[in-house]
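S.K.: Just data_29.pdb, nothing more (PDB, C-alpha atoms and all ligand atoms):
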ATOM      1  CA  MET T   1     -19.921   3.553  -3.544
ATOM      2  CA  ALA T   2     -17.321   4.538  -0.981
ATOM      3  CA  GLN T   3     -14.273   6.391  -2.271
ATOM      4  CA  PRO T   4     -12.316   4.254  -4.779
ATOM      5  CA  ARG T   5      -9.188   2.367  -3.744
ATOM      6  CA  ILE T   6      -6.817   2.713  -6.685
ATOM      7  CA  LEU T   7      -3.363   1.270  -7.362
ATOM      8  CA  ILE T   8      -1.144   2.844 -10.038
ATOM      9  CA  LEU T   9       1.823   0.835 -11.361
ATOM     10  CA  GLY T  10       4.569   1.728 -13.809
ATOM     11  CA  ALA T  11       8.330   2.144 -14.079
ATOM     12  CA  PRO T  12      10.194   5.036 -12.473
ATOM     13  CA  GLY T  13       9.385   8.051 -14.656
ATOM     14  CA  ALA T  14       6.205   6.598 -16.155
ATOM     15  CA  GLY T  15       4.138   9.504 -14.795
ATOM     16  CA  LYS T  16       2.637   7.926 -11.653
ATOM     17  CA  GLY T  17       3.198  10.975  -9.449
ATOM     18  CA  THR T  18       1.896  13.363 -12.113
ATOM     19  CA  GLN T  19      -1.292  11.359 -12.682
ATOM     20  CA  SER T  20      -1.762  10.606  -8.971
ATOM     21  CA  ALA T  21      -1.942  14.325  -8.144
ATOM     22  CA  THR T  22      -4.812  14.747 -10.624
ATOM     23  CA  ILE T  23      -6.517  11.530  -9.513
ATOM     24  CA  SER T  24      -6.321  12.623  -5.883
ATOM     25  CA  ASP T  25      -7.951  15.999  -6.653
ATOM     26  CA  HIS T  26     -10.585  14.707  -9.022
ATOM     27  CA  PHE T  27     -11.753  11.660  -7.062
ATOM     28  CA  ASP T  28     -11.095  13.195  -3.637
ATOM     29  CA  VAL T  29      -8.857  10.336  -2.476
ATOM     30  CA  GLU T  30      -5.647  10.404  -0.494
ATOM     31  CA  HIS T  31      -2.344  10.197  -2.415
ATOM     32  CA  VAL T  32      -0.295   7.539  -0.623
ATOM     33  CA  THR T  33       3.212   7.460  -2.054
ATOM     34  CA  THR T  34       6.060   5.494  -0.546
ATOM     35  CA  GLY T  35       8.675   7.539  -2.450
ATOM     36  CA  ASP T  36       7.595  10.823  -0.826
ATOM     37  CA  ALA T  37       7.073   9.179   2.565
ATOM     38  CA  LEU T  38      10.589   7.726   2.464
ATOM     39  CA  ARG T  39      12.152  10.979   1.237
ATOM     40  CA  SER T  40      10.612  12.755   4.254
ATOM     41  CA  ASN T  41      12.124  10.095   6.520
ATOM     42  CA  LYS T  42      15.393   9.441   4.712
ATOM     43  CA  GLN T  43      17.522   9.719   7.830
ATOM     44  CA  MET T  44      15.201   7.608  10.023
ATOM     45  CA  ASP T  45      17.255   5.281  12.216
ATOM     46  CA  ILE T  46      16.442   1.682  11.228
ATOM     47  CA  SER T  47      19.571   0.181  12.804
ATOM     48  CA  HIS T  48      17.450  -1.823  15.306
ATOM     49  CA  LEU T  49      16.180  -3.934  12.384
ATOM     50  CA  ASP T  50      19.677  -5.267  11.773
ATOM     51  CA  LEU T  51      19.584  -4.748   8.019
ATOM     52  CA  GLU T  52      22.418  -3.975   5.608
ATOM     53  CA  TYR T  53      22.226  -0.176   6.135
ATOM     54  CA  GLU T  54      21.107   2.036   9.013
ATOM     55  CA  THR T  55      18.932   4.580   7.150
ATOM     56  CA  PRO T  56      16.588   4.515   4.099
ATOM     57  CA  ALA T  57      18.859   7.127   2.438
ATOM     58  CA  GLU T  58      21.626   4.616   1.849
ATOM     59  CA  TYR T  59      19.318   2.350  -0.163
ATOM     60  CA  MET T  60      17.582   5.191  -2.014
ATOM     61  CA  ASP T  61      20.713   7.022  -3.137
ATOM     62  CA  GLN T  62      21.924   3.845  -4.825
ATOM     63  CA  GLY T  63      18.581   3.130  -6.460
ATOM     64  CA  GLU T  64      18.004  -0.013  -4.381
ATOM     65  CA  LEU T  65      14.707  -0.941  -2.716
ATOM     66  CA  VAL T  66      14.292  -0.029   0.933
ATOM     67  CA  PRO T  67      13.623  -3.269   2.873
ATOM     68  CA  ASP T  68      10.040  -4.543   2.906
ATOM     69  CA  GLU T  69       9.512  -4.356   6.647
ATOM     70  CA  VAL T  70      10.177  -0.598   6.639
ATOM     71  CA  VAL T  71       7.968   0.109   3.626
ATOM     72  CA  ASN T  72       5.118  -2.224   4.603
ATOM     73  CA  ALA T  73       4.770  -0.469   7.964
ATOM     74  CA  ILE T  74       4.564   2.962   6.275
ATOM     75  CA  VAL T  75       1.822   1.808   3.900
ATOM     76  CA  ASP T  76      -0.130  -0.048   6.566
ATOM     77  CA  GLU T  77      -0.291   3.071   8.687
ATOM     78  CA  ALA T  78      -1.202   5.393   5.779
ATOM     79  CA  LEU T  79      -3.969   3.125   4.477
ATOM     80  CA  SER T  80      -5.537   2.538   7.875
ATOM     81  CA  SER T  81      -6.509   6.218   8.078
ATOM     82  CA  ALA T  82      -7.538   6.653   4.400
ATOM     83  CA  ASP T  83     -11.071   6.298   3.057
ATOM     84  CA  GLY T  84     -10.276   6.028  -0.650
ATOM     85  CA  PHE T  85      -6.704   6.272  -1.898
ATOM     86  CA  ILE T  86      -4.395   6.379  -4.892
ATOM     87  CA  LEU T  87      -1.434   4.182  -3.993
ATOM     88  CA  ASP T  88       1.767   5.087  -5.905
ATOM     89  CA  GLY T  89       5.206   3.451  -5.664
ATOM     90  CA  TYR T  90       4.061   0.309  -3.864
ATOM     91  CA  PRO T  91       4.007  -2.708  -4.144
ATOM     92  CA  ARG T  92       7.398  -3.034  -5.830
ATOM     93  CA  ASN T  93       7.928  -6.778  -5.376
ATOM     94  CA  LEU T  94       5.811  -9.884  -4.765
ATOM     95  CA  GLU T  95       6.430  -9.850  -0.994
ATOM     96  CA  GLN T  96       4.915  -6.362  -0.860
ATOM     97  CA  VAL T  97       1.930  -7.591  -2.918
ATOM     98  CA  GLU T  98       1.288 -10.212  -0.271
ATOM     99  CA  ALA T  99       1.561  -7.646   2.525
ATOM    100  CA  LEU T 100      -0.826  -5.304   0.698
ATOM    101  CA  GLU T 101      -3.386  -8.066   0.283
ATOM    102  CA  GLY T 102      -3.439  -8.409   4.058
ATOM    103  CA  MET T 103      -4.189  -4.688   4.431
ATOM    104  CA  THR T 104      -6.921  -3.854   1.900
ATOM    105  CA  ASP T 105      -8.867  -4.762  -1.232
ATOM    106  CA  LEU T 106      -8.454  -2.720  -4.413
ATOM    107  CA  ASP T 107     -11.127  -1.389  -6.794
ATOM    108  CA  VAL T 108      -8.805  -0.447  -9.662
ATOM    109  CA  VAL T 109      -5.302  -1.576 -10.695
ATOM    110  CA  LEU T 110      -3.822   0.412 -13.550
ATOM    111  CA  ALA T 111      -0.402   0.503 -15.204
ATOM    112  CA  LEU T 112       1.245   3.233 -17.283
ATOM    113  CA  ASP T 113       3.281   1.873 -20.227
ATOM    114  CA  VAL T 114       6.325   3.903 -21.312
ATOM    115  CA  SER T 115       9.411   2.780 -23.292
ATOM    116  CA  GLU T 116      12.799   2.680 -21.596
ATOM    117  CA  ASP T 117      14.464   5.468 -23.647
ATOM    118  CA  GLU T 118      11.612   7.803 -22.799
ATOM    119  CA  LEU T 119      11.847   6.868 -19.085
ATOM    120  CA  VAL T 120      15.527   7.847 -18.953
ATOM    121  CA  HIS T 121      14.779  11.151 -20.673
ATOM    122  CA  ARG T 122      11.912  11.920 -18.308
ATOM    123  CA  LEU T 123      13.841  11.056 -15.146
ATOM    124  CA  THR T 124      17.042  12.920 -15.959
ATOM    125  CA  GLY T 125      14.981  16.032 -16.877
ATOM    126  CA  ARG T 126      12.654  15.820 -13.857
ATOM    127  CA  ARG T 127      12.703  18.696 -11.367
ATOM    128  CA  MET T 128      10.697  19.148  -8.143
ATOM    129  CA  ASP T 129       9.396  22.226  -6.371
ATOM    130  CA  PRO T 130      10.563  21.739  -2.765
ATOM    131  CA  GLU T 131       7.833  24.085  -1.484
ATOM    132  CA  THR T 132       4.778  22.469  -3.090
ATOM    133  CA  GLY T 133       6.018  19.007  -4.127
ATOM    134  CA  ASP T 134       4.876  19.764  -7.695
ATOM    135  CA  ILE T 135       6.649  17.841 -10.457
ATOM    136  CA  TYR T 136       8.195  19.589 -13.479
ATOM    137  CA  HIS T 137      10.311  18.633 -16.487
ATOM    138  CA  LEU T 138      12.983  20.816 -18.094
ATOM    139  CA  GLU T 139      11.477  20.262 -21.549
ATOM    140  CA  TYR T 140       8.028  18.726 -21.205
ATOM    141  CA  ASN T 141       6.664  20.729 -18.296
ATOM    142  CA  PRO T 142       8.876  23.731 -17.505
ATOM    143  CA  ALA T 143       7.938  26.124 -14.688
ATOM    144  CA  GLU T 144       6.445  29.313 -16.069
ATOM    145  CA  ASP T 145       6.868  31.452 -12.961
ATOM    146  CA  PRO T 146      10.566  32.528 -12.727
ATOM    147  CA  ALA T 147      10.397  32.409  -8.907
ATOM    148  CA  VAL T 148       9.345  28.749  -9.069
ATOM    149  CA  GLU T 149      11.893  27.955 -11.775
ATOM    150  CA  GLU T 150      14.671  29.291  -9.593
ATOM    151  CA  ARG T 151      13.876  27.108  -6.604
ATOM    152  CA  LEU T 152      13.434  23.807  -8.510
ATOM    153  CA  VAL T 153      15.693  20.955  -7.414
ATOM    154  CA  GLN T 154      16.764  17.664  -8.949
ATOM    155  CA  ARG T 155      16.294  14.501  -6.914
ATOM    156  CA  GLU T 156      19.614  12.918  -5.974
ATOM    157  CA  ASP T 157      18.578   9.608  -7.516
ATOM    158  CA  ASP T 158      17.649  11.169 -10.890
ATOM    159  CA  SER T 159      21.261  11.102 -12.148
ATOM    160  CA  GLU T 160      21.709   8.936 -15.253
ATOM    161  CA  GLU T 161      23.727   6.260 -13.424
ATOM    162  CA  THR T 162      21.201   5.808 -10.601
ATOM    163  CA  VAL T 163      18.329   5.930 -13.083
ATOM    164  CA  ARG T 164      19.803   2.942 -14.966
ATOM    165  CA  GLU T 165      20.092   1.011 -11.716
ATOM    166  CA  ARG T 166      16.499   1.858 -10.726
ATOM    167  CA  LEU T 167      15.256   0.617 -14.091
ATOM    168  CA  ARG T 168      17.189  -2.621 -13.593
ATOM    169  CA  VAL T 169      15.680  -3.038 -10.121
ATOM    170  CA  TYR T 170      12.266  -2.336 -11.645
ATOM    171  CA  ARG T 171      12.635  -5.034 -14.308
ATOM    172  CA  GLU T 172      13.848  -7.581 -11.793
ATOM    173  CA  ASN T 173      11.471  -6.914  -8.891
ATOM    174  CA  THR T 174       8.458  -4.967 -10.087
ATOM    175  CA  GLU T 175       7.672  -6.408 -13.513
ATOM    176  CA  PRO T 176       6.566  -9.643 -11.751
ATOM    177  CA  VAL T 177       4.053  -7.487  -9.843
ATOM    178  CA  LEU T 178       2.469  -6.378 -13.142
ATOM    179  CA  GLU T 179       2.438  -9.986 -14.327
ATOM    180  CA  TYR T 180       0.717 -11.020 -11.108
ATOM    181  CA  TYR T 181      -2.133  -8.524 -11.526
ATOM    182  CA  GLY T 182      -2.278  -9.320 -15.259
ATOM    183  CA  ASP T 183      -2.691 -13.045 -14.552
ATOM    184  CA  LYS T 184      -5.467 -12.208 -12.088
ATOM    185  CA  GLY T 185      -7.256 -10.406 -14.913
ATOM    186  CA  VAL T 186      -7.539  -7.075 -13.094
ATOM    187  CA  LEU T 187      -4.756  -5.032 -14.726
ATOM    188  CA  GLU T 188      -5.830  -2.055 -16.873
ATOM    189  CA  ARG T 189      -3.017  -0.804 -19.110
ATOM    190  CA  VAL T 190      -2.840   2.811 -20.253
ATOM    191  CA  ASP T 191      -0.493   4.239 -22.923
ATOM    192  CA  GLY T 192       1.702   6.500 -20.773
ATOM    193  CA  GLU T 193       3.599   7.996 -23.733
ATOM    194  CA  GLN T 194       0.758  10.320 -24.660
ATOM    195  CA  ALA T 195       0.661  13.919 -23.445
ATOM    196  CA  PRO T 196      -0.257  14.197 -19.731
ATOM    197  CA  ASP T 197      -3.831  15.362 -20.500
ATOM    198  CA  GLU T 198      -4.413  12.437 -22.838
ATOM    199  CA  VAL T 199      -3.050   9.972 -20.286
ATOM    200  CA  TRP T 200      -5.395  11.527 -17.736
ATOM    201  CA  GLU T 201      -8.432  11.057 -20.014
ATOM    202  CA  ASP T 202      -7.637   7.340 -20.317
ATOM    203  CA  VAL T 203      -6.912   6.981 -16.602
ATOM    204  CA  ARG T 204     -10.163   8.691 -15.684
ATOM    205  CA  ALA T 205     -12.156   6.440 -18.007
ATOM    206  CA  VAL T 206     -10.603   3.328 -16.454
ATOM    207  CA  ILE T 207     -11.465   4.480 -12.926
ATOM    208  CA  GLU T 208     -14.990   5.585 -13.803
ATOM    209  CA  ASN T 209     -15.724   2.278 -15.525
ATOM    210  CA  ALA T 210     -14.401   0.133 -12.691
TER     211      ALA T 210
HETATM  212  P1  LIG T 301       9.881   6.980  -8.873
HETATM  213  O1  LIG T 301       8.866   8.080  -8.685
HETATM  214  O2  LIG T 301      10.999   7.439  -9.731
HETATM  215  O3  LIG T 301       9.256   5.703  -9.292
HETATM  216  P2  LIG T 301       9.935   6.715  -6.035
HETATM  217  O4  LIG T 301       9.843   8.124  -5.586
HETATM  218  O5  LIG T 301       8.690   5.912  -6.042
HETATM  219  O6  LIG T 301      10.584   6.713  -7.481
HETATM  220  O7  LIG T 301      11.009   5.929  -5.175
HETATM  221  C1  LIG T 301      12.287   6.464  -4.900
HETATM  222  C2  LIG T 301      13.084   5.448  -4.085
HETATM  223  O8  LIG T 301      12.430   5.196  -2.834
HETATM  224  C3  LIG T 301      13.220   4.072  -4.733
HETATM  225  O9  LIG T 301      14.299   4.012  -5.644
HETATM  226  C4  LIG T 301      13.459   3.175  -3.500
HETATM  227  O10 LIG T 301      14.765   3.311  -3.015
HETATM  228  C5  LIG T 301      12.520   3.813  -2.479
HETATM  229  N1  LIG T 301      11.172   3.214  -2.509
HETATM  230  C6  LIG T 301      10.008   3.822  -2.857
HETATM  231  N2  LIG T 301       8.966   2.970  -2.771
HETATM  232  C7  LIG T 301       9.479   1.784  -2.359
HETATM  233  C8  LIG T 301       8.916   0.502  -2.113
HETATM  234  N3  LIG T 301       7.610   0.245  -2.278
HETATM  235  N4  LIG T 301       9.768  -0.485  -1.691
HETATM  236  C9  LIG T 301      11.066  -0.251  -1.534
HETATM  237  N5  LIG T 301      11.668   0.915  -1.768
HETATM  238  C10 LIG T 301      10.881   1.940  -2.189
HETATM  239  P1  LIG T 302       6.893   8.658 -11.631
HETATM  240  O1  LIG T 302       6.141   9.125 -10.397
HETATM  241  O2  LIG T 302       6.223   7.496 -12.308
HETATM  242  O3  LIG T 302       8.342   8.426 -11.388
HETATM  243  P2  LIG T 302       6.599  11.449 -12.572
HETATM  244  O4  LIG T 302       5.126  11.751 -12.524
HETATM  245  O5  LIG T 302       7.469  12.007 -11.514
HETATM  246  O6  LIG T 302       6.804   9.837 -12.724
HETATM  247  O7  LIG T 302       7.120  11.925 -14.021
HETATM  248  C1  LIG T 302       8.491  11.794 -14.402
HETATM  249  C2  LIG T 302       8.888  13.022 -15.246
HETATM  250  O8  LIG T 302       8.202  12.969 -16.505
HETATM  251  C3  LIG T 302       8.510  14.362 -14.641
HETATM  252  O9  LIG T 302       9.519  15.299 -14.947
HETATM  253  C4  LIG T 302       7.185  14.734 -15.307
HETATM  254  O10 LIG T 302       6.997  16.154 -15.409
HETATM  255  C5  LIG T 302       7.342  14.108 -16.679
HETATM  256  N1  LIG T 302       6.078  13.561 -17.220
HETATM  257  C6  LIG T 302       5.069  12.963 -16.548
HETATM  258  N2  LIG T 302       4.081  12.557 -17.385
HETATM  259  C7  LIG T 302       4.499  12.911 -18.631
HETATM  260  C8  LIG T 302       3.922  12.764 -19.957
HETATM  261  N3  LIG T 302       2.733  12.166 -20.154
HETATM  262  N4  LIG T 302       4.639  13.237 -21.000
HETATM  263  C9  LIG T 302       5.845  13.842 -20.799
HETATM  264  N5  LIG T 302       6.442  14.003 -19.597
HETATM  265  C10 LIG T 302       5.773  13.546 -18.521
END
Please go through the file and, once you have read it, give me the structure as structure tokens.

M.R.:
Amino acid sequence: MAQPRILILGAPGAGKGTQSATISDHFDVEHVTTGDALRSNKQMDISHLDLEYETPAEYMDQGELVPDEVVNAIVDEALSSADGFILDGYPRNLEQVEALEGMTDLDVVLALDVSEDELVHRLTGRRMDPETGDIYHLEYNPAEDPAVEERLVQREDDSEETVRERLRVYRENTEPVLEYYGDKGVLERVDGEQAPDEVWEDVRAVIENA
């Protein structure tokens, strides 16, 4: 078959980015992630759209969703040039589901399940390598190379207050997305609280059996 078209769902901190990096390498598919795409374009001028704010940054730093028309256009463009893909961070509400259905079919829809206390712990301890984009955690996945450790940064929206707001936004807007795919009978749930390697074994099995 052609390269698989995979969607990964889950709350902020569930491990989507971590698993997507491995999925992308192993299945040779493009990692399409709206979070990274928006962070690279945080100061983009969207004032012509006449929305509440004039840049994505103002939504992101408060933990709110960036408006659909901005995000849909990013995904549409990224998917049009991808053969297979692992889509991460989108769709985050039912309007985005509808937009996605107009862009492509999916071969696999999987969701990582993680409890809320664990999500807060993972997000507040998350660190990123600004040079490679690699994801670390102060406790669970510390950098071994001191040069890497020194340059790690914390995302602005990984403070405890913004994390709580993002989890609220997730429950309100994105849980209906999981319900939608569940009702369609296509959602494959994976226990995301296992160690990263164990999560990966389950994720790989789901994709290979699709
Ligand atoms: P996480 O990895 O913690 O789930 P992301 O990196 O996916 O977070 O997203 C960070 C922020 O970028 C979100 O809080 C939101 O402001 C914005 N964002 C990312 N994807 C979307 C989307 N599909 N729709 C709207 N906003 C988005
Ligand atoms: P998401 O993209 O869903 O927001 P990330 O992949 O960025 O999630 O992971 C959030 C944080 O949790 C990171 O610091 C990452 O190193 C850590 N992490 C990811 N998967 C696991 C896991 N299975 N067990 C423990 N920590 C994890």

S.K.: Show me, as a ChimeraX atom specification, the residues that have an atom within 10 Å of region 72-80 of chain T when counting all atoms listed in the file, minus same-chain residues fewer than 5 positions from it.

M.R.: /T:5,30-34,37-38,67,85-87,90-91,95-97,99-100,102-104

S.K.: Using all atoms listed in the file, which residues sit within 6 Å of region 174-190 of chain T once same-chain residues fewer than 2 positions away are excluded, as a list in words?

M.R.: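 Within the cut-off, the hits are Arg92, Asn93, Leu94, Val109, Leu110, Ala111, Leu112, Tyr170, Arg171 and Gly192 of chain T.
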
S.K.: Take the residues from that selection and put them in a file with C-alpha atoms, as a compact mmCIF listing (two decimals), in the frame of the given file.

M.R.:
# COMPACT_ATOMS: atom_id res chain seq x y z
CA ARG T 92 7.40 -3.03 -5.83
CA ASN T 93 7.93 -6.78 -5.38
CA LEU T 94 5.81 -9.88 -4.76
CA VAL T 109 -5.30 -1.58 -10.70
CA LEU T 110 -3.82 0.41 -13.55
CA ALA T 111 -0.40 0.50 -15.20
CA LEU T 112 1.25 3.23 -17.28
CA TYR T 170 12.27 -2.34 -11.64
CA ARG T 171 12.64 -5.03 -14.31
CA GLY T 192 1.70 6.50 -20.77

S.K.: At most 12 Å from (17.6, -1.9, -0.4), file frame, all atoms listed in the file: which residues, as a PyMOL selection string?

M.R.: chain T and resi 51-71+92-93+165-166+169+173

S.K.: The PyMOL selection byres (((not hetatm)) within 10 of (chain T and resi 302)) on the file shown: which residues, as a PDB file with C-alpha atoms, in the frame of the given file?

M.R.:
ATOM      1  CA  ILE T   8      -1.144   2.844 -10.038  1.00  0.00           C
ATOM      2  CA  LEU T   9       1.823   0.835 -11.361  1.00  0.00           C
ATOM      3  CA  GLY T  10       4.569   1.728 -13.809  1.00  0.00           C
ATOM      4  CA  ALA T  11       8.330   2.144 -14.079  1.00  0.00           C
ATOM      5  CA  PRO T  12      10.194   5.036 -12.473  1.00  0.00           C
ATOM      6  CA  GLY T  13       9.385   8.051 -14.656  1.00  0.00           C
ATOM      7  CA  ALA T  14       6.205   6.598 -16.155  1.00  0.00           C
ATOM      8  CA  GLY T  15       4.138   9.504 -14.795  1.00  0.00           C
ATOM      9  CA  LYS T  16       2.637   7.926 -11.653  1.00  0.00           C
ATOM     10  CA  GLY T  17       3.198  10.975  -9.449  1.00  0.00           C
ATOM     11  CA  THR T  18       1.896  13.363 -12.113  1.00  0.00           C
ATOM     12  CA  GLN T  19      -1.292  11.359 -12.682  1.00  0.00           C
ATOM     13  CA  SER T  20      -1.762  10.606  -8.971  1.00  0.00           C
ATOM     14  CA  ALA T  21      -1.942  14.325  -8.144  1.00  0.00           C
ATOM     15  CA  THR T  33       3.212   7.460  -2.054  1.00  0.00           C
ATOM     16  CA  GLY T  35       8.675   7.539  -2.450  1.00  0.00           C
ATOM     17  CA  ASP T  36       7.595  10.823  -0.826  1.00  0.00           C
ATOM     18  CA  ASP T  88       1.767   5.087  -5.905  1.00  0.00           C
ATOM     19  CA  GLY T  89       5.206   3.451  -5.664  1.00  0.00           C
ATOM     20  CA  LEU T 112       1.245   3.233 -17.283  1.00  0.00           C
ATOM     21  CA  VAL T 114       6.325   3.903 -21.312  1.00  0.00           C
ATOM     22  CA  GLU T 118      11.612   7.803 -22.799  1.00  0.00           C
ATOM     23  CA  LEU T 119      11.847   6.868 -19.085  1.00  0.00           C
ATOM     24  CA  VAL T 120      15.527   7.847 -18.953  1.00  0.00           C
ATOM     25  CA  HIS T 121      14.779  11.151 -20.673  1.00  0.00           C
ATOM     26  CA  ARG T 122      11.912  11.920 -18.308  1.00  0.00           C
ATOM     27  CA  LEU T 123      13.841  11.056 -15.146  1.00  0.00           C
ATOM     28  CA  THR T 124      17.042  12.920 -15.959  1.00  0.00           C
ATOM     29  CA  GLY T 125      14.981  16.032 -16.877  1.00  0.00           C
ATOM     30  CA  ARG T 126      12.654  15.820 -13.857  1.00  0.00           C
ATOM     31  CA  ARG T 127      12.703  18.696 -11.367  1.00  0.00           C
ATOM     32  CA  MET T 128      10.697  19.148  -8.143  1.00  0.00           C
ATOM     33  CA  ASP T 134       4.876  19.764  -7.695  1.00  0.00           C
ATOM     34  CA  ILE T 135       6.649  17.841 -10.457  1.00  0.00           C
ATOM     35  CA  TYR T 136       8.195  19.589 -13.479  1.00  0.00           C
ATOM     36  CA  HIS T 137      10.311  18.633 -16.487  1.00  0.00           C
ATOM     37  CA  LEU T 138      12.983  20.816 -18.094  1.00  0.00           C
ATOM     38  CA  GLU T 139      11.477  20.262 -21.549  1.00  0.00           C
ATOM     39  CA  TYR T 140       8.028  18.726 -21.205  1.00  0.00           C
ATOM     40  CA  ASN T 141       6.664  20.729 -18.296  1.00  0.00           C
ATOM     41  CA  PRO T 142       8.876  23.731 -17.505  1.00  0.00           C
ATOM     42  CA  GLN T 154      16.764  17.664  -8.949  1.00  0.00           C
ATOM     43  CA  ASP T 158      17.649  11.169 -10.890  1.00  0.00           C
ATOM     44  CA  ASP T 191      -0.493   4.239 -22.923  1.00  0.00           C
ATOM     45  CA  GLY T 192       1.702   6.500 -20.773  1.00  0.00           C
ATOM     46  CA  GLU T 193       3.599   7.996 -23.733  1.00  0.00           C
ATOM     47  CA  GLN T 194       0.758  10.320 -24.660  1.00  0.00           C
ATOM     48  CA  ALA T 195       0.661  13.919 -23.445  1.00  0.00           C
ATOM     49  CA  PRO T 196      -0.257  14.197 -19.731  1.00  0.00           C
ATOM     50  CA  ASP T 197      -3.831  15.362 -20.500  1.00  0.00           C
ATOM     51  CA  GLU T 198      -4.413  12.437 -22.838  1.00  0.00           C
ATOM     52  CA  VAL T 199      -3.050   9.972 -20.286  1.00  0.00           C
ATOM     53  CA  TRP T 200      -5.395  11.527 -17.736  1.00  0.00           C
TER      54      TRP T 200
END

S.K.: Between T:Val203, T:Ala210, T:Leu49, T:Leu7, which residue has the minimum interatomic distance to Thr22 (chain T), considering all atoms listed in the file?

M.R.: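 Distance minimum relative to Thr22 (chain T) lands on T:Val203.
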
S.K.: When distances are computed from only C-alpha atoms and all ligand atoms, which of T:Arg168, T:Arg151, T:His26, T:Arg39 shows the smallest separation from ligand LIG 301 (chain T)?

M.R.: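 Result for the nearest residue to ligand LIG 301 (chain T): T:Arg39.
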
S.K.: Ligand LIG 301 (chain T), all listed atoms, 8 Å padding on each side: what axis-aligned box centre and edge lengths in Å to one decimal come out, as lines of an AutoDock Vina configuration file?

M.R.:
center_x = 11.2
center_y = 3.8
center_z = -5.6
size_x = 23.2
size_y = 24.6
size_z = 24.2

S.K.: Mind pulling up the distance from CA of Asp83 (chain T) to CA of Phe27 (chain T)?

M.R.: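 Here the two named atoms are 11.5 Å from each other.
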
S.K.: Would you please work out which residue, of T:Leu167, T:Glu172, T:Glu131, T:Asp117, is nearest to Leu152 (chain T) when using all atoms listed in the file?

M.R.: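 Using all atoms listed in the file, Leu152 (chain T) sits closest to T:Glu131.
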
S.K.: Between T:Lys42, T:Asp50, T:Leu106, T:Gly84, single out the one closest to ligand LIG 301 (chain T), counting all atoms listed in the file.

M.R.: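 Among the listed residues, the smallest separation from ligand LIG 301 (chain T) belongs to T:Lys42.
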
S.K.: What is the CA of Thr162 (chain T)-atom C10 of ligand LIG 301 (chain T) distance in Å, reported with one decimal?

M.R.: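 Atom-to-atom, CA of Thr162 (chain T) to atom C10 of ligand LIG 301 (chain T), that is 13.9 Å.
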
S.K.: Provide the CA of Ser81 (chain T) to CA of Asp107 (chain T) distance in Å, to one decimal place.

M.R.: 17.3 Å

S.K.: Considering only C-alpha atoms and all ligand atoms, state which residue in the set T:Val163, T:Val206, T:Val29, T:Ala82 is at the smallest distance from ligand LIG 301 (chain T).

M.R.: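 For ligand LIG 301 (chain T), the nearest of the given residues is T:Val163.
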
S.K.: Which of these residues is nearest to ligand LIG 301 (chain T), using only C-alpha atoms and all ligand atoms: T:Ser40, T:Glu208, T:Pro4, T:Thr132?

M.R.: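 When distances to ligand LIG 301 (chain T) are compared using only C-alpha atoms and all ligand atoms, the smallest one comes from T:Ser40.
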